[in-house]
Each structure stands twice: as structure tokens, then as C-alpha cells.
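Here is the structure we will look at.
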Amino acid sequence: AMGAPNLTDGIWLYGGTADKYYNDYILPGLNGWLATNGCSTTTTPLAEGPCVEYQGCSQRTIWCNDSQGHVWPTAPYTAQIVELFDSVP
């Protein structure tokens, strides 16, 4: 079994509800990161895209989801990905 991830700078997660892996892998992955980062269930909507940032986390934890399938996220998500990377010291 794999151990808990070692995250020091934050994470940006995406899942499309039409992805056949959404319920079995994507949502459990999100829940794993929320537990690892000690996040509360409180979220703050981000300006672009259907994205939220979880509050109370030890590291920034951003979750975006929409109705797409197994795709690489592009606009409007690009701005959030770049913003997260820019926030890393």
C-alpha cells in the first residue's frame, strides 16, 4: 500500500463527472487530500471556473469539477493552475 503523500505547496484537483473513474477514483482521491491536509468542509468559490478552495487546510487545496469526461483541464482552469504555481515560494 502507498503511504500518505508529502505535500508542501498546495494542490489543485480536477474531476469531470462524466469520467468513468469519477466515483471510484477521483472522489476518493479528493477525500484523501482533504484528510491529508486537514481541511474543513467550508469552501470559498474561486473567480474562474466551477472551482472552490477548501478552508482550514494545512496546504492550499483547490477542487474543480464539471460535467466533462476524462479530459485535460483547460480554460477557465488554466488561470487557477498558474495562480497556485505562482503562490509557491
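Here, A, B, ... name the chains of the C-alpha cells in the order displayed, residue numbers run from 1 inside each chain, and ligands are numbered from 1 in the same displayed order.
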
Determine, for each residue of range 50-85 of chain A having at least one atom at most 7 Å from an atom of range 25-41 of chain A, the closest pair of atoms and their separation in Å to one decimal, counting only C-alpha atoms; order by chain and ascending number, as JSON lines.
```
{"residue": "A:Tyr54", "atom": "CA", "partner": "A:Cys39", "partner_atom": "CA", "distance": 6.2}
{"residue": "A:Gln55", "atom": "CA", "partner": "A:Ser40", "partner_atom": "CA", "distance": 5.7}
{"residue": "A:Gly56", "atom": "CA", "partner": "A:Cys39", "partner_atom": "CA", "distance": 5.0}
{"residue": "A:Cys57", "atom": "CA", "partner": "A:Cys39", "partner_atom": "CA", "distance": 4.1}
{"residue": "A:Ser58", "atom": "CA", "partner": "A:Asn37", "partner_atom": "CA", "distance": 5.1}
{"residue": "A:Gln59", "atom": "CA", "partner": "A:Asn37", "partner_atom": "CA", "distance": 6.0}
```

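Near Trp63 in chain A, within 10 Å and counting only C-alpha atoms, sit Ile11, Trp12, Leu13, Tyr14, Gly15, Leu30, Leu34, Thr43, Pro45, Leu46, Pro50, Cys51, Val52, Glu53 and Tyr54 of chain A, not including residues fewer than 6 positions from it in the same chain.
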
How would the residues just picked look written out with N, CA and C atoms as a short mmCIF file (atom, residue, chain, number, x, y, z; two decimals), in the first residue's frame?
```cif
data_model
loop_
_atom_site.label_atom_id
_atom_site.label_comp_id
_atom_site.auth_asym_id
_atom_site.auth_seq_id
_atom_site.Cartn_x
_atom_site.Cartn_y
_atom_site.Cartn_z
N ILE A 11 -2.28 21.92 -3.60
CA ILE A 11 -2.70 21.01 -4.66
C ILE A 11 -3.93 21.56 -5.35
N TRP A 12 -3.99 21.36 -6.66
CA TRP A 12 -5.13 21.72 -7.50
C TRP A 12 -5.65 20.42 -8.08
N LEU A 13 -6.92 20.12 -7.83
CA LEU A 13 -7.53 18.86 -8.28
C LEU A 13 -8.69 19.14 -9.20
N TYR A 14 -8.88 18.25 -10.17
CA TYR A 14 -9.98 18.38 -11.13
C TYR A 14 -10.64 17.04 -11.36
N GLY A 15 -11.95 17.06 -11.53
CA GLY A 15 -12.68 15.85 -11.90
C GLY A 15 -13.90 16.20 -12.72
N LEU A 30 -9.90 12.98 -3.94
CA LEU A 30 -10.19 14.28 -3.32
C LEU A 30 -10.32 14.13 -1.82
N LEU A 34 -8.20 15.94 1.19
CA LEU A 34 -8.85 16.74 2.22
C LEU A 34 -8.44 16.25 3.60
N THR A 43 -15.88 25.86 2.00
CA THR A 43 -15.17 26.20 0.77
C THR A 43 -15.44 27.66 0.41
N PRO A 45 -15.63 29.93 -3.16
CA PRO A 45 -15.60 29.87 -4.62
C PRO A 45 -14.45 30.72 -5.18
N LEU A 46 -13.82 30.22 -6.23
CA LEU A 46 -12.78 30.98 -6.91
C LEU A 46 -13.40 31.74 -8.08
N PRO A 50 -15.76 26.46 -12.24
CA PRO A 50 -16.51 25.91 -11.11
C PRO A 50 -15.54 25.32 -10.07
N CYS A 51 -14.77 26.20 -9.43
CA CYS A 51 -13.72 25.76 -8.52
C CYS A 51 -13.93 26.37 -7.14
N VAL A 52 -13.48 25.63 -6.14
CA VAL A 52 -13.53 26.12 -4.75
C VAL A 52 -12.19 25.85 -4.10
N GLU A 53 -11.88 26.66 -3.09
CA GLU A 53 -10.71 26.40 -2.26
C GLU A 53 -11.21 26.01 -0.88
N TYR A 54 -10.75 24.86 -0.39
CA TYR A 54 -11.15 24.38 0.93
C TYR A 54 -10.45 25.21 1.99
#
```

Write out as a VMD selection string all residues of chain A that backbone DSSP assigns to alpha helix (DSSP H).
chain A and resid 27 to 36 77 to 86

May I have the residues from that selection written out with N, CA, C and O atoms, as an mmCIF file, in the first residue's frame?
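Saved as selection-v9.cif:
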```
data_model
loop_
_atom_site.group_PDB
_atom_site.id
_atom_site.type_symbol
_atom_site.label_atom_id
_atom_site.label_comp_id
_atom_site.auth_asym_id
_atom_site.auth_seq_id
_atom_site.Cartn_x
_atom_site.Cartn_y
_atom_site.Cartn_z
ATOM 1 N N LEU A 27 -13.240 10.992 -6.675
ATOM 2 C CA LEU A 27 -13.781 11.453 -5.395
ATOM 3 C C LEU A 27 -13.012 10.892 -4.199
ATOM 4 O O LEU A 27 -12.704 11.639 -3.263
ATOM 5 N N PRO A 28 -12.662 9.599 -4.197
ATOM 6 C CA PRO A 28 -11.828 9.123 -3.082
ATOM 7 C C PRO A 28 -10.467 9.832 -3.028
ATOM 8 O O PRO A 28 -9.930 10.065 -1.939
ATOM 9 N N GLY A 29 -9.918 10.172 -4.185
ATOM 10 C CA GLY A 29 -8.655 10.928 -4.212
ATOM 11 C C GLY A 29 -8.825 12.302 -3.582
ATOM 12 O O GLY A 29 -7.992 12.738 -2.782
ATOM 13 N N LEU A 30 -9.902 12.983 -3.939
ATOM 14 C CA LEU A 30 -10.194 14.279 -3.324
ATOM 15 C C LEU A 30 -10.325 14.128 -1.817
ATOM 16 O O LEU A 30 -9.705 14.875 -1.056
ATOM 17 N N ASN A 31 -11.102 13.160 -1.381
ATOM 18 C CA ASN A 31 -11.300 12.957 0.051
ATOM 19 C C ASN A 31 -9.993 12.635 0.768
ATOM 20 O O ASN A 31 -9.782 13.058 1.902
ATOM 21 N N GLY A 32 -9.102 11.908 0.106
ATOM 22 C CA GLY A 32 -7.791 11.615 0.683
ATOM 23 C C GLY A 32 -6.975 12.880 0.886
ATOM 24 O O GLY A 32 -6.334 13.063 1.920
ATOM 25 N N TRP A 33 -6.984 13.767 -0.114
ATOM 26 C CA TRP A 33 -6.250 15.027 0.018
ATOM 27 C C TRP A 33 -6.857 15.910 1.090
ATOM 28 O O TRP A 33 -6.140 16.578 1.839
ATOM 29 N N LEU A 34 -8.196 15.937 1.185
ATOM 30 C CA LEU A 34 -8.846 16.743 2.217
ATOM 31 C C LEU A 34 -8.442 16.254 3.604
ATOM 32 O O LEU A 34 -8.168 17.056 4.500
ATOM 33 N N ALA A 35 -8.388 14.933 3.777
ATOM 34 C CA ALA A 35 -7.976 14.363 5.059
ATOM 35 C C ALA A 35 -6.499 14.632 5.332
ATOM 36 O O ALA A 35 -6.118 15.029 6.444
ATOM 37 N N THR A 36 -5.646 14.430 4.332
ATOM 38 C CA THR A 36 -4.209 14.656 4.491
ATOM 39 C C THR A 36 -3.919 16.101 4.877
ATOM 40 O O THR A 36 -3.069 16.363 5.721
ATOM 41 N N TYR A 77 -9.759 26.867 -16.278
ATOM 42 C CA TYR A 77 -8.955 26.361 -15.170
ATOM 43 C C TYR A 77 -7.505 26.806 -15.220
ATOM 44 O O TYR A 77 -6.827 26.841 -14.202
ATOM 45 N N THR A 78 -7.020 27.142 -16.378
ATOM 46 C CA THR A 78 -5.611 27.498 -16.556
ATOM 47 C C THR A 78 -5.180 28.594 -15.590
ATOM 48 O O THR A 78 -4.108 28.510 -14.989
ATOM 49 N N ALA A 79 -6.011 29.606 -15.416
ATOM 50 C CA ALA A 79 -5.651 30.721 -14.532
ATOM 51 C C ALA A 79 -5.452 30.249 -13.096
ATOM 52 O O ALA A 79 -4.543 30.713 -12.405
ATOM 53 N N GLN A 80 -6.280 29.319 -12.631
ATOM 54 C CA GLN A 80 -6.133 28.829 -11.267
ATOM 55 C C GLN A 80 -4.865 27.992 -11.096
ATOM 56 O O GLN A 80 -4.205 28.071 -10.065
ATOM 57 N N ILE A 81 -4.548 27.198 -12.091
ATOM 58 C CA ILE A 81 -3.329 26.392 -12.016
ATOM 59 C C ILE A 81 -2.107 27.306 -11.944
ATOM 60 O O ILE A 81 -1.236 27.135 -11.092
ATOM 61 N N VAL A 82 -2.061 28.299 -12.827
ATOM 62 C CA VAL A 82 -0.936 29.236 -12.848
ATOM 63 C C VAL A 82 -0.870 30.012 -11.528
ATOM 64 O O VAL A 82 0.206 30.188 -10.953
ATOM 65 N N GLU A 83 -2.011 30.444 -11.001
ATOM 66 C CA GLU A 83 -2.033 31.196 -9.749
ATOM 67 C C GLU A 83 -1.497 30.358 -8.602
ATOM 68 O O GLU A 83 -0.735 30.847 -7.767
ATOM 69 N N LEU A 84 -1.856 29.080 -8.560
ATOM 70 C CA LEU A 84 -1.339 28.206 -7.495
ATOM 71 C C LEU A 84 0.173 28.065 -7.618
ATOM 72 O O LEU A 84 0.899 28.211 -6.627
ATOM 73 N N PHE A 85 0.672 27.825 -8.828
ATOM 74 C CA PHE A 85 2.120 27.713 -9.007
ATOM 75 C C PHE A 85 2.827 29.005 -8.643
ATOM 76 O O PHE A 85 3.877 28.994 -8.025
ATOM 77 N N ASP A 86 2.239 30.147 -9.024
ATOM 78 C CA ASP A 86 2.847 31.442 -8.693
ATOM 79 C C ASP A 86 2.883 31.702 -7.190
ATOM 80 O O ASP A 86 3.721 32.470 -6.721
#
```

Contacts of Ser87 in chain A at 10 Å (only C-alpha atoms; same-chain gap of 5+ positions) as a ChimeraX atom specification
/A:9-10,60,82

Write out as a list in words each polymer residue whose atoms come within 9 Å of range 68-70 of chain A, counting only C-alpha atoms; drop sequence neighbours fewer than 6 positions from it.
Gly15, Gly16, Thr17, Ala18, Asp19, Lys20, Tyr21 and Tyr22 of chain A

Keeping C-alpha atoms for every residue in the selection just given, could you write it to a file as an mmCIF file, in the first residue's frame?
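So result_7.cif came out as:
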```cif
data_model
loop_
_atom_site.group_PDB
_atom_site.id
_atom_site.type_symbol
_atom_site.label_atom_id
_atom_site.label_comp_id
_atom_site.auth_asym_id
_atom_site.auth_seq_id
_atom_site.Cartn_x
_atom_site.Cartn_y
_atom_site.Cartn_z
ATOM 1 C CA GLY A 15 -12.677 15.849 -11.902
ATOM 2 C CA GLY A 16 -15.298 15.625 -14.622
ATOM 3 C CA THR A 17 -18.490 13.878 -13.525
ATOM 4 C CA ALA A 18 -18.755 12.054 -16.888
ATOM 5 C CA ASP A 19 -15.363 10.407 -16.279
ATOM 6 C CA LYS A 20 -15.908 6.695 -15.723
ATOM 7 C CA TYR A 21 -13.370 6.900 -12.867
ATOM 8 C CA TYR A 22 -15.124 9.784 -11.071
#
```

Please measure the separation of CA of Asp24 in chain A and CA of Thr74 in chain A, giving the value in Å to one decimal.
23.2 Å
